Amino acid sequence: THTQRERERERALTMPPQSKKKKRAPASAAASAAEEKKKKEKTKSKTAPKSTKAANSGEDSESNEEEEDDEEDEDESDVDGEDDDDKFIDVEIEFVTPKEEHFLNLKSYLTAYCDGSQYNVSELVDMILKQDDVGSVIASRVSAEEEEDPLGVMTVISLDKAKEFKCLQEIKAHIVKKAPKEEAKLVRDALNAKKTGLILSERLVNVPQDIGGPLIKQLFDEIKWAVKDEKKKEFDFDQYVLVSRCFLDTFTPPPSVAGGGKKNNNKKRKKGEKEEEVTELVFPNLEDEIFYEESQWSFMWEAGGEDKPQEFEDSKPMRMCMLIDAKDVGTICEDVQEMFLALSVENAED
């Protein structure tokens, strides 16, 4: 059973690590996710110096109390990250081949994929681990001596395998259930098509955004290499389905935006009249916005089954399903690269 298999994996994780197989395209970034680890390294237990006997014991006692207070303040400063020496540490982000020791992490990232509905997530993770030629686990590493820390995954699974794997049947049924009634047949036909690939892209929100460009390029490069092998024609897709995580952020813009010009802004608001609100669609994975713009069709539903990240605690969690034509992949990759290039230039100017 999968429960027994998971227990075996948990025991396997305690074994000495094996040599790691790295992908070709590692990316480096200063990751805010490592800040907590840095704080733990900086926060060390400190012991107040023992008081020495002296004629004036009252003064010594008072001096020791002051020293202890100073050290407590210093500790608090270290924990809060407000001391002068507080700095970010560089963390290397790698794209590595999915392997057995990643099982528990990947399962935790994919458990809420069906919005809290039960599905065979262990079977899905097993499928990902067996595809060692297509797909990547996003992992962080502070130094070569430390173990890699899985932060997410991006891969593609052939939906034509749904006849063999229950997890794909459950995912397809969940997507059709969430589709608008008038579009249900269109969605069902796309999911049942022989050459449809399901793109799985799940990662922590605080992973550096600029990995999106090389991550997408690597996925589609691997698909190109795979289809050259006669035994791997399952990756020769005509279209892709992507279920992306997104948020609806509702806010009231400044009068200059809401009012539409000076003339309107100077008008007095009628009594009881509500301020105009604007709802914005936000993708935590920025590259998903390009997929959305190039998609053949898309629809959204309110997500469930997982806690909202702190960055989006005031936003409404959603899921968006979109269909991407394989012919548009080249354009998508180019647009993603241009988007991240523009963002890097903008950040450099700031």
# chains A, B, ... in the order shown; residues from 1 in each chain; ligands from 1
>>> residues_around(residues="Ala226 in chain A", least_positions_apart="2", cutoff="12 Å", atoms="only C-alpha atoms", output="JSON, numbers by chain")
{"A": [131, 132, 133, 134, 135, 156, 219, 220, 221, 222, 223, 224, 228, 229, 230, 231, 232, 233, 234, 235, 236, 237]}
>>> select_by_dssp(residues="range 162-349 of chain A", states="strand (DSSP E or B)", output="PyMOL selection string")
chain A and resi 196-203+239-251+278-282+297-302+316-325
>>> residues_around(residues="Leu106 in chain A", least_positions_apart="2", cutoff="9 Å", atoms="only C-alpha atoms", output="MDAnalysis selection string")
chainID A and resid 102:104 108:111 125 137 150:153 202
>>> closest_residue(among="A:Lys195, A:Lys316, A:Lys217, A:Lys172", to="Phe251 in chain A", atoms="only C-alpha atoms")
A:Lys316
>>> select_by_dssp(residues="range 88-301 of chain A", states="alpha helix (DSSP H)", output="PyMOL selection string")
chain A and resi 103-110+121-130+166-178+184-192+212-227+255-258+262-265+287-294
>>> closest_residue(among="A:Ala342, A:Leu215, A:Met318, A:Val278", to="Phe247 in chain A", atoms="only C-alpha atoms")
A:Met318
>>> closest_residue(among="A:Leu204, A:Ile138, A:Ile290, A:Met154", to="Glu311 in chain A", atoms="only C-alpha atoms")
A:Leu204
